[in-house]
file input-v8.cif (mmCIF, C-alpha atoms and all ligand atoms; chains and numbers go by the auth columns)
data_my_file
loop_
_atom_site.group_PDB
_atom_site.id
_atom_site.type_symbol
_atom_site.label_atom_id
_atom_site.label_comp_id
_atom_site.label_asym_id
_atom_site.label_seq_id
_atom_site.Cartn_x
_atom_site.Cartn_y
_atom_site.Cartn_z
_atom_site.B_iso_or_equiv
_atom_site.auth_seq_id
_atom_site.auth_asym_id
ATOM 1 C CA MET A 1 -13.287 -23.737 -118.992 0.00 1 A
ATOM 2 C CA PRO A 2 -16.961 -24.691 -118.798 0.00 2 A
ATOM 3 C CA CYS A 3 -19.300 -21.991 -120.053 0.00 3 A
ATOM 4 C CA ASN A 4 -22.912 -21.095 -120.701 0.00 4 A
ATOM 5 C CA CYS A 5 -22.699 -22.762 -124.131 0.00 5 A
ATOM 6 C CA CYS A 6 -21.407 -25.899 -122.367 0.00 6 A
ATOM 7 C CA GLU A 7 -24.395 -25.998 -120.014 0.00 7 A
ATOM 8 C CA ILE A 8 -26.740 -25.600 -122.964 0.00 8 A
ATOM 9 C CA THR A 9 -25.063 -28.262 -125.118 0.00 9 A
ATOM 10 C CA ASP A 10 -24.523 -30.632 -122.159 0.00 10 A
ATOM 11 C CA ASN A 11 -28.292 -31.084 -121.899 0.00 11 A
ATOM 12 C CA ILE A 12 -28.633 -32.223 -125.469 0.00 12 A
ATOM 13 C CA PHE A 13 -25.252 -33.869 -126.082 0.00 13 A
ATOM 14 C CA ASP A 14 -25.532 -36.016 -122.982 0.00 14 A
ATOM 15 C CA GLU A 15 -24.125 -39.347 -121.818 0.00 15 A
ATOM 16 C CA ASP A 16 -26.826 -41.417 -123.515 0.00 16 A
ATOM 17 C CA SER A 17 -26.365 -39.821 -126.922 0.00 17 A
ATOM 18 C CA ALA A 18 -22.564 -39.990 -126.590 0.00 18 A
ATOM 19 C CA LYS A 19 -22.783 -43.727 -125.803 0.00 19 A
ATOM 20 C CA ALA A 20 -25.170 -44.257 -128.713 0.00 20 A
ATOM 21 C CA ASP A 21 -22.822 -42.359 -131.073 0.00 21 A
ATOM 22 C CA ILE A 22 -19.716 -44.340 -130.103 0.00 22 A
ATOM 23 C CA LYS A 23 -21.622 -47.622 -130.384 0.00 23 A
ATOM 24 C CA ASP A 24 -22.771 -46.613 -133.842 0.00 24 A
ATOM 25 C CA TYR A 25 -19.236 -45.604 -134.876 0.00 25 A
ATOM 26 C CA ARG A 26 -17.760 -48.894 -133.639 0.00 26 A
ATOM 27 C CA LYS A 27 -20.385 -50.852 -135.519 0.00 27 A
ATOM 28 C CA HIS A 28 -20.716 -48.880 -138.767 0.00 28 A
ATOM 29 C CA GLY A 29 -17.652 -46.598 -138.978 0.00 29 A
ATOM 30 C CA PRO A 30 -17.862 -42.835 -139.616 0.00 30 A
ATOM 31 C CA ALA A 31 -21.204 -41.279 -140.592 0.00 31 A
ATOM 32 C CA ASN A 32 -21.664 -40.344 -144.247 0.00 32 A
ATOM 33 C CA GLN A 33 -21.025 -36.599 -143.823 0.00 33 A
ATOM 34 C CA THR A 34 -17.943 -37.363 -141.705 0.00 34 A
ATOM 35 C CA LYS A 35 -16.673 -39.636 -144.476 0.00 35 A
ATOM 36 C CA LEU A 36 -16.828 -36.634 -146.834 0.00 36 A
ATOM 37 C CA ILE A 37 -14.565 -34.629 -144.506 0.00 37 A
ATOM 38 C CA LEU A 38 -12.154 -37.542 -144.110 0.00 38 A
ATOM 39 C CA GLU A 39 -12.003 -38.102 -147.855 0.00 39 A
ATOM 40 C CA ALA A 40 -11.453 -34.391 -148.615 0.00 40 A
ATOM 41 C CA VAL A 41 -8.679 -34.098 -146.007 0.00 41 A
ATOM 42 C CA ARG A 42 -6.998 -37.287 -147.241 0.00 42 A
ATOM 43 C CA LEU A 43 -7.050 -35.949 -150.803 0.00 43 A
ATOM 44 C CA LEU A 44 -4.785 -33.113 -149.645 0.00 44 A
ATOM 45 C CA ASN A 45 -2.040 -35.760 -149.387 0.00 45 A
ATOM 46 C CA LEU A 46 -0.668 -34.369 -146.148 0.00 46 A
ATOM 47 C CA LYS A 47 1.333 -36.347 -143.609 0.00 47 A
ATOM 48 C CA ASP A 48 2.054 -35.849 -139.915 0.00 48 A
ATOM 49 C CA VAL A 49 -0.160 -32.807 -139.641 0.00 49 A
ATOM 50 C CA THR A 50 -1.620 -31.239 -136.528 0.00 50 A
ATOM 51 C CA LEU A 51 -5.403 -31.346 -136.344 0.00 51 A
ATOM 52 C CA LEU A 52 -7.859 -29.141 -134.472 0.00 52 A
ATOM 53 C CA ASP A 53 -11.284 -30.735 -134.285 0.00 53 A
ATOM 54 C CA ILE A 54 -13.859 -28.273 -132.999 0.00 54 A
ATOM 55 C CA GLY A 55 -17.014 -29.836 -131.553 0.00 55 A
ATOM 56 C CA GLY A 56 -15.531 -33.228 -132.283 0.00 56 A
ATOM 57 C CA GLY A 57 -18.217 -35.170 -130.410 0.00 57 A
ATOM 58 C CA VAL A 58 -16.996 -38.701 -129.711 0.00 58 A
ATOM 59 C CA GLY A 59 -13.828 -37.946 -131.674 0.00 59 A
ATOM 60 C CA VAL A 60 -14.429 -39.839 -134.922 0.00 60 A
ATOM 61 C CA ILE A 61 -12.349 -37.435 -137.034 0.00 61 A
ATOM 62 C CA HIS A 62 -9.208 -37.737 -134.921 0.00 62 A
ATOM 63 C CA HIS A 63 -9.674 -41.474 -134.337 0.00 63 A
ATOM 64 C CA GLU A 64 -9.605 -41.811 -138.126 0.00 64 A
ATOM 65 C CA LEU A 65 -7.021 -39.217 -139.161 0.00 65 A
ATOM 66 C CA LEU A 66 -4.497 -40.288 -136.513 0.00 66 A
ATOM 67 C CA LYS A 67 -4.225 -43.528 -138.508 0.00 67 A
ATOM 68 C CA ASP A 68 -2.614 -41.943 -141.560 0.00 68 A
ATOM 69 C CA VAL A 69 -2.697 -38.140 -141.779 0.00 69 A
ATOM 70 C CA ALA A 70 -2.326 -36.548 -138.352 0.00 70 A
ATOM 71 C CA LYS A 71 0.445 -36.871 -135.825 0.00 71 A
ATOM 72 C CA GLU A 72 -1.499 -35.128 -133.064 0.00 72 A
ATOM 73 C CA ALA A 73 -4.892 -33.578 -132.454 0.00 73 A
ATOM 74 C CA THR A 74 -6.672 -31.099 -130.232 0.00 74 A
ATOM 75 C CA HIS A 75 -10.327 -31.777 -129.559 0.00 75 A
ATOM 76 C CA VAL A 76 -12.371 -28.875 -128.168 0.00 76 A
ATOM 77 C CA ASP A 77 -15.932 -29.636 -127.185 0.00 77 A
ATOM 78 C CA ALA A 78 -18.649 -27.977 -125.134 0.00 78 A
ATOM 79 C CA SER A 79 -20.101 -31.318 -124.019 0.00 79 A
ATOM 80 C CA SER A 80 -18.416 -33.047 -121.072 0.00 80 A
ATOM 81 C CA ALA A 81 -20.230 -36.322 -121.823 0.00 81 A
ATOM 82 C CA TYR A 82 -18.966 -36.431 -125.420 0.00 82 A
ATOM 83 C CA LEU A 83 -15.450 -35.531 -124.341 0.00 83 A
ATOM 84 C CA LYS A 84 -15.392 -38.335 -121.778 0.00 84 A
ATOM 85 C CA VAL A 85 -16.472 -40.918 -124.347 0.00 85 A
ATOM 86 C CA ALA A 86 -13.965 -39.517 -126.865 0.00 86 A
ATOM 87 C CA LYS A 87 -11.172 -39.725 -124.257 0.00 87 A
ATOM 88 C CA ASP A 88 -12.017 -43.345 -123.364 0.00 88 A
ATOM 89 C CA GLU A 89 -12.038 -44.319 -127.032 0.00 89 A
ATOM 90 C CA THR A 90 -8.724 -42.515 -127.587 0.00 90 A
ATOM 91 C CA GLU A 91 -7.183 -44.408 -124.680 0.00 91 A
ATOM 92 C CA MET A 92 -8.520 -47.706 -126.003 0.00 92 A
ATOM 93 C CA ARG A 93 -6.838 -46.941 -129.341 0.00 93 A
ATOM 94 C CA GLY A 94 -3.521 -46.192 -127.638 0.00 94 A
ATOM 95 C CA ASN A 95 -3.566 -42.552 -128.691 0.00 95 A
ATOM 96 C CA THR A 96 -3.804 -40.791 -125.328 0.00 96 A
ATOM 97 C CA GLU A 97 -0.436 -39.071 -125.766 0.00 97 A
ATOM 98 C CA ARG A 98 -1.461 -37.721 -129.171 0.00 98 A
ATOM 99 C CA VAL A 99 -4.751 -35.993 -128.337 0.00 99 A
ATOM 100 C CA LYS A 100 -5.373 -32.977 -126.150 0.00 100 A
ATOM 101 C CA PHE A 101 -8.943 -32.558 -124.899 0.00 101 A
ATOM 102 C CA ILE A 102 -10.407 -29.199 -123.954 0.00 102 A
ATOM 103 C CA HIS A 103 -13.840 -28.770 -122.411 0.00 103 A
ATOM 104 C CA ALA A 104 -14.978 -25.310 -123.519 0.00 104 A
ATOM 105 C CA ASP A 105 -16.933 -23.156 -125.873 0.00 105 A
ATOM 106 C CA PHE A 106 -14.322 -22.969 -128.626 0.00 106 A
ATOM 107 C CA THR A 107 -14.814 -19.219 -129.097 0.00 107 A
ATOM 108 C CA ASP A 108 -13.862 -18.653 -125.437 0.00 108 A
ATOM 109 C CA VAL A 109 -10.536 -20.479 -125.687 0.00 109 A
ATOM 110 C CA ALA A 110 -9.524 -19.939 -129.326 0.00 110 A
ATOM 111 C CA ALA A 111 -7.149 -17.098 -128.469 0.00 111 A
ATOM 112 C CA ASP A 112 -5.126 -19.459 -126.239 0.00 112 A
ATOM 113 C CA LEU A 113 -4.834 -22.290 -128.757 0.00 113 A
ATOM 114 C CA PRO A 114 -1.884 -22.876 -131.104 0.00 114 A
ATOM 115 C CA GLN A 115 -2.450 -23.004 -134.851 0.00 115 A
ATOM 116 C CA ALA A 116 -3.088 -26.386 -136.460 0.00 116 A
ATOM 117 C CA ASP A 117 -2.531 -27.494 -140.050 0.00 117 A
ATOM 118 C CA VAL A 118 -6.073 -28.757 -140.504 0.00 118 A
ATOM 119 C CA VAL A 119 -9.197 -27.571 -138.681 0.00 119 A
ATOM 120 C CA THR A 120 -12.463 -29.510 -138.818 0.00 120 A
ATOM 121 C CA LEU A 121 -16.026 -28.668 -137.788 0.00 121 A
ATOM 122 C CA ASP A 122 -18.338 -31.581 -138.484 0.00 122 A
ATOM 123 C CA ARG A 123 -22.004 -30.613 -137.842 0.00 123 A
ATOM 124 C CA VAL A 124 -20.958 -27.870 -135.427 0.00 124 A
ATOM 125 C CA VAL A 125 -21.875 -24.515 -136.985 0.00 125 A
ATOM 126 C CA CYS A 126 -25.528 -25.616 -136.938 0.00 126 A
ATOM 127 C CA CYS A 127 -25.371 -26.013 -133.134 0.00 127 A
ATOM 128 C CA TYR A 128 -24.026 -22.549 -132.466 0.00 128 A
ATOM 129 C CA PRO A 129 -25.787 -19.192 -132.939 0.00 129 A
ATOM 130 C CA HIS A 130 -22.683 -17.091 -133.722 0.00 130 A
ATOM 131 C CA PHE A 131 -21.252 -18.677 -136.852 0.00 131 A
ATOM 132 C CA ARG A 132 -19.071 -15.623 -137.559 0.00 132 A
ATOM 133 C CA SER A 133 -17.068 -15.858 -134.351 0.00 133 A
ATOM 134 C CA LEU A 134 -16.842 -19.633 -134.705 0.00 134 A
ATOM 135 C CA LEU A 135 -15.492 -19.449 -138.274 0.00 135 A
ATOM 136 C CA ASN A 136 -13.307 -16.370 -137.754 0.00 136 A
ATOM 137 C CA ASN A 137 -11.581 -18.066 -134.831 0.00 137 A
ATOM 138 C CA ALA A 138 -11.365 -21.390 -136.667 0.00 138 A
ATOM 139 C CA SER A 139 -9.807 -19.809 -139.748 0.00 139 A
ATOM 140 C CA GLU A 140 -7.271 -17.826 -137.725 0.00 140 A
ATOM 141 C CA LEU A 141 -6.109 -21.105 -136.209 0.00 141 A
ATOM 142 C CA SER A 142 -5.803 -22.967 -139.494 0.00 142 A
ATOM 143 C CA ARG A 143 -2.460 -23.019 -141.295 0.00 143 A
ATOM 144 C CA ARG A 144 -3.567 -25.017 -144.346 0.00 144 A
ATOM 145 C CA ALA A 145 -7.175 -26.168 -144.541 0.00 145 A
ATOM 146 C CA ILE A 146 -10.597 -26.102 -142.944 0.00 146 A
ATOM 147 C CA ALA A 147 -13.203 -28.779 -143.589 0.00 147 A
ATOM 148 C CA LEU A 148 -16.742 -28.369 -142.359 0.00 148 A
ATOM 149 C CA THR A 149 -20.212 -29.791 -142.721 0.00 149 A
ATOM 150 C CA TYR A 150 -23.404 -27.791 -142.243 0.00 150 A
ATOM 151 C CA PRO A 151 -27.067 -28.227 -143.158 0.00 151 A
ATOM 152 C CA ARG A 152 -28.100 -27.382 -146.713 0.00 152 A
ATOM 153 C CA GLU A 153 -30.316 -24.356 -147.219 0.00 153 A
ATOM 154 C CA ALA A 154 -33.172 -26.460 -148.538 0.00 154 A
ATOM 155 C CA TRP A 155 -36.850 -25.943 -147.641 0.00 155 A
ATOM 156 C CA TYR A 156 -37.130 -29.386 -146.055 0.00 156 A
ATOM 157 C CA ILE A 157 -34.107 -28.691 -143.819 0.00 157 A
ATOM 158 C CA ARG A 158 -35.581 -25.358 -142.669 0.00 158 A
ATOM 159 C CA PHE A 159 -38.852 -27.142 -141.988 0.00 159 A
ATOM 160 C CA GLY A 160 -37.164 -29.989 -140.065 0.00 160 A
ATOM 161 C CA LEU A 161 -34.921 -27.728 -137.988 0.00 161 A
ATOM 162 C CA GLY A 162 -37.856 -25.364 -137.365 0.00 162 A
ATOM 163 C CA PHE A 163 -39.774 -28.320 -135.953 0.00 163 A
ATOM 164 C CA ILE A 164 -36.832 -29.322 -133.727 0.00 164 A
ATOM 165 C CA ASN A 165 -36.618 -25.743 -132.406 0.00 165 A
ATOM 166 C CA PHE A 166 -40.370 -25.692 -131.798 0.00 166 A
ATOM 167 C CA MET A 167 -40.059 -28.871 -129.702 0.00 167 A
ATOM 168 C CA GLN A 168 -37.058 -27.402 -127.859 0.00 168 A
ATOM 169 C CA ARG A 169 -39.147 -24.342 -126.989 0.00 169 A
ATOM 170 C CA LEU A 170 -41.953 -26.553 -125.657 0.00 170 A
ATOM 171 C CA ARG A 171 -39.403 -28.417 -123.526 0.00 171 A
ATOM 172 C CA ARG A 172 -38.044 -25.054 -122.304 0.00 172 A
ATOM 173 C CA ASP A 173 -34.595 -26.192 -123.387 0.00 173 A
ATOM 174 C CA PRO A 174 -32.525 -23.221 -124.680 0.00 174 A
ATOM 175 C CA PHE A 175 -30.536 -25.314 -127.215 0.00 175 A
ATOM 176 C CA ARG A 176 -31.418 -24.389 -130.828 0.00 176 A
ATOM 177 C CA VAL A 177 -30.283 -25.558 -134.252 0.00 177 A
ATOM 178 C CA PHE A 178 -29.446 -23.147 -137.083 0.00 178 A
ATOM 179 C CA VAL A 179 -29.338 -23.065 -140.869 0.00 179 A
ATOM 180 C CA HIS A 180 -26.655 -20.420 -141.319 0.00 180 A
ATOM 181 C CA PRO A 181 -26.334 -18.644 -144.691 0.00 181 A
ATOM 182 C CA ILE A 182 -23.856 -20.642 -146.762 0.00 182 A
ATOM 183 C CA GLN A 183 -22.911 -17.670 -148.937 0.00 183 A
ATOM 184 C CA GLU A 184 -22.005 -15.610 -145.864 0.00 184 A
ATOM 185 C CA MET A 185 -19.932 -18.433 -144.403 0.00 185 A
ATOM 186 C CA ASP A 186 -18.157 -18.737 -147.750 0.00 186 A
ATOM 187 C CA ALA A 187 -17.565 -14.956 -147.943 0.00 187 A
ATOM 188 C CA LEU A 188 -16.159 -14.939 -144.399 0.00 188 A
ATOM 189 C CA LEU A 189 -13.707 -17.756 -145.093 0.00 189 A
ATOM 190 C CA THR A 190 -12.685 -16.176 -148.411 0.00 190 A
ATOM 191 C CA LYS A 191 -11.998 -12.901 -146.603 0.00 191 A
ATOM 192 C CA GLN A 192 -9.870 -14.832 -144.108 0.00 192 A
ATOM 193 C CA GLY A 193 -7.628 -16.005 -146.959 0.00 193 A
ATOM 194 C CA PHE A 194 -9.149 -19.368 -147.897 0.00 194 A
ATOM 195 C CA HIS A 195 -10.703 -20.662 -151.087 0.00 195 A
ATOM 196 C CA ARG A 196 -13.222 -23.458 -151.372 0.00 196 A
ATOM 197 C CA SER A 197 -11.459 -26.294 -153.144 0.00 197 A
ATOM 198 C CA SER A 198 -14.200 -28.903 -152.922 0.00 198 A
ATOM 199 C CA MET A 199 -17.834 -29.211 -151.965 0.00 199 A
ATOM 200 C CA LYS A 200 -20.120 -32.229 -151.774 0.00 200 A
ATOM 201 C CA ARG A 201 -23.775 -32.635 -150.900 0.00 201 A
ATOM 202 C CA LEU A 202 -25.836 -35.255 -149.174 0.00 202 A
ATOM 203 C CA PHE A 203 -29.587 -35.003 -148.595 0.00 203 A
ATOM 204 C CA VAL A 204 -29.180 -33.034 -145.346 0.00 204 A
ATOM 205 C CA TRP A 205 -25.522 -32.070 -145.133 0.00 205 A
ATOM 206 C CA GLU A 206 -23.108 -30.147 -147.312 0.00 206 A
ATOM 207 C CA MET A 207 -19.341 -30.543 -146.887 0.00 207 A
ATOM 208 C CA ALA A 208 -16.898 -27.851 -147.953 0.00 208 A
ATOM 209 C CA LEU A 209 -13.117 -27.972 -147.864 0.00 209 A
ATOM 210 C CA TYR A 210 -11.251 -24.661 -147.810 0.00 210 A
ATOM 211 C CA LYS A 211 -7.546 -24.334 -148.516 0.00 211 A
ATOM 212 C CA ARG A 212 -5.426 -21.394 -147.463 0.00 212 A
ATOM 213 C CA MET A 213 -4.523 -19.324 -150.543 0.00 213 A
HETATM 214 C C1 LIG B . -24.010 -32.424 -133.654 0.00 301 A
HETATM 215 S S1 LIG B . -22.641 -32.656 -132.604 0.00 301 A
HETATM 216 C C2 LIG B . -21.430 -33.183 -133.778 0.00 301 A
HETATM 217 C C3 LIG B . -20.351 -34.015 -133.161 0.00 301 A
HETATM 218 C C4 LIG B . -19.334 -34.556 -134.167 0.00 301 A
HETATM 219 N N1 LIG B . -18.590 -33.486 -134.784 0.00 301 A
HETATM 220 C C5 LIG B . -20.037 -35.389 -135.188 0.00 301 A
HETATM 221 O O1 LIG B . -20.274 -34.915 -136.311 0.00 301 A
HETATM 222 O O2 LIG B . -20.392 -36.526 -134.852 0.00 301 A
HETATM 223 C C6 LIG B . -22.103 -30.996 -132.247 0.00 301 A
HETATM 224 C C7 LIG B . -20.934 -30.972 -131.276 0.00 301 A
HETATM 225 O O3 LIG B . -20.409 -29.645 -131.263 0.00 301 A
HETATM 226 C C8 LIG B . -20.192 -29.251 -129.929 0.00 301 A
HETATM 227 N N2 LIG B . -20.248 -27.782 -129.919 0.00 301 A
HETATM 228 C C9 LIG B . -21.251 -26.982 -130.343 0.00 301 A
HETATM 229 N N3 LIG B . -20.917 -25.692 -130.226 0.00 301 A
HETATM 230 C C10 LIG B . -19.654 -25.681 -129.707 0.00 301 A
HETATM 231 C C11 LIG B . -18.746 -24.639 -129.349 0.00 301 A
HETATM 232 N N4 LIG B . -19.050 -23.349 -129.484 0.00 301 A
HETATM 233 N N5 LIG B . -17.537 -24.986 -128.852 0.00 301 A
HETATM 234 C C12 LIG B . -17.205 -26.293 -128.700 0.00 301 A
HETATM 235 N N6 LIG B . -18.021 -27.315 -129.028 0.00 301 A
HETATM 236 C C13 LIG B . -19.227 -27.017 -129.525 0.00 301 A
HETATM 237 C C14 LIG B . -21.265 -29.967 -129.129 0.00 301 A
HETATM 238 O O4 LIG B . -20.943 -30.105 -127.772 0.00 301 A
HETATM 239 C C15 LIG B . -21.322 -31.316 -129.853 0.00 301 A
HETATM 240 O O5 LIG B . -20.390 -32.232 -129.339 0.00 301 A
#
call {"tool": "encode", "arguments": {"input": "input-v8.cif", "output": "structure tokens"}}
result
Amino acid sequence: MPCNCCEITDNIFDEDSAKADIKDYRKHGPANQTKLILEAVRLLNLKDVTLLDIGGGVGVIHHELLKDVAKEATHVDASSAYLKVAKDETEMRGNTERVKFIHADFTDVAADLPQADVVTLDRVVCCYPHFRSLLNNASELSRRAIALTYPREAWYIRFGLGFINFMQRLRRDPFRVFVHPIQEMDALLTKQGFHRSSMKRLFVWEMALYKRM
């Protein structure tokens, strides 16, 4: 179900960047912040779980977790270009039967999705203005854990993202990036019945893993 969010993200997460991302993944493996999610999920010692990857991009998280942790995955993404590249890669890996792809703003379709054991949002909350609806819906769909990465609340991140938004305004492109308040995201997930069991920081990104209490 394409949506306004999809039109906005389609402009920025286009075919060229999707092709560049998959090329990079094939050459270098998962990005550093994605590795933190993969490591945290693997440390849960789960097997044959169902995975919901929200804003999964070219699908790195399910390509990786289908090897040893997940039996099947659902990938919801607002970008048709990213979904196409993710689908092609999934087919190449022989996993077509194990992954369901949905082109939508996740918050529009969440009510129709089944629960999954593990829910992931890698660099997604920063691309979406309404972090509360994103995380409320994500947590309602998670049976066991949620792992997410988001930008740190550091001055240099605010400066960098402010510059990106300034350039976006000049280009008259409505897509914006956001540094959402980490404490409020944490409070929301705690209220939804999760506790943060691990957190790691890189220069730009922070990764937090929440387990259902
Ligand atoms: C920065 S990219 C990250 C992609 C991938 N998770 C990664 O880390 O490589 C953000 C992705 O989230 C998707 N996205 C943003 N908001 C979304 C929403 N509300 N519903 C579904 N997908 C969304 C975008 O289309 C894009 O593919």
call {"tool": "closest_residue", "arguments": {"input": "input-v8.cif", "among": "A:Lys100, A:Arg42, A:Lys211, A:Arg123", "to": "Arg144 (chain A)", "atoms": "all atoms listed in the file"}}
result
A:Lys211
call {"tool": "closest_residue", "arguments": {"input": "input-v8.cif", "among": "A:Ala40, A:Val85, A:Ile102, A:Ala20", "to": "Arg196 (chain A)", "atoms": "all atoms listed in the file"}}
result
A:Ala40
call {"tool": "closest_residue", "arguments": {"input": "input-v8.cif", "among": "A:Ala154, A:Leu52, A:Ala70, A:Ala116", "to": "ligand LIG 301 (chain A)", "atoms": "all atoms listed in the file"}}
result
A:Leu52
call {"tool": "atom_distance", "arguments": {"input": "input-v8.cif", "atom1": "CA of Asp173 (chain A)", "atom2": "CA of Glu7 (chain A)"}}
result
10.7 Å
call {"tool": "closest_atom_pairs", "arguments": {"input": "input-v8.cif", "of": "chain A", "to": "ligand LIG 301 (chain A)", "cutoff": "6 Å", "atoms": "all atoms listed in the file", "output": "Markdown table"}}
result
| residue | atom | partner | partner_atom | distance |
| --- | --- | --- | --- | --- |
| A:Thr9 | CA | A:LIG301 | O4 | 5.2 |
| A:Phe13 | CA | A:LIG301 | O4 | 6.0 |
| A:Ile54 | CA | A:LIG301 | C12 | 5.8 |
| A:Gly55 | CA | A:LIG301 | O3 | 3.4 |
| A:Gly56 | CA | A:LIG301 | N1 | 4.0 |
| A:Gly57 | CA | A:LIG301 | C3 | 3.7 |
| A:Val76 | CA | A:LIG301 | C12 | 5.5 |
| A:Asp77 | CA | A:LIG301 | N6 | 3.6 |
| A:Ala78 | CA | A:LIG301 | N6 | 4.0 |
| A:Ser79 | CA | A:LIG301 | O4 | 4.0 |
| A:Tyr82 | CA | A:LIG301 | O5 | 5.9 |
| A:Ala104 | CA | A:LIG301 | C12 | 5.7 |
| A:Asp105 | CA | A:LIG301 | N5 | 3.5 |
| A:Phe106 | CA | A:LIG301 | N5 | 3.8 |
| A:Thr107 | CA | A:LIG301 | N4 | 5.9 |
| A:Asp122 | CA | A:LIG301 | N1 | 4.2 |
| A:Arg123 | CA | A:LIG301 | C2 | 4.8 |
| A:Val124 | CA | A:LIG301 | O3 | 4.6 |
| A:Cys127 | CA | A:LIG301 | C9 | 5.1 |
| A:Tyr128 | CA | A:LIG301 | N3 | 5.0 |
call {"tool": "residues_around", "arguments": {"input": "input-v8.cif", "residues": "Pro114 (chain A)", "least_positions_apart": "5", "cutoff": "10 Å", "atoms": "only C-alpha atoms", "output": "list in words"}}
result
Thr50, Leu52, Thr74, Glu140, Leu141 and Ser142 of chain A
call {"tool": "residues_around", "arguments": {"input": "input-v8.cif", "residues": "region 148-153 of chain A", "least_positions_apart": "6", "cutoff": "7 Å", "atoms": "all atoms listed in the file", "output": "list in words"}}
result
Gln33, Ile37, Thr120, Leu121, Asp122, Arg123, Val125, Cys126, Val179, Val204, Trp205, Glu206, Met207, Ala208 and Leu209 of chain A
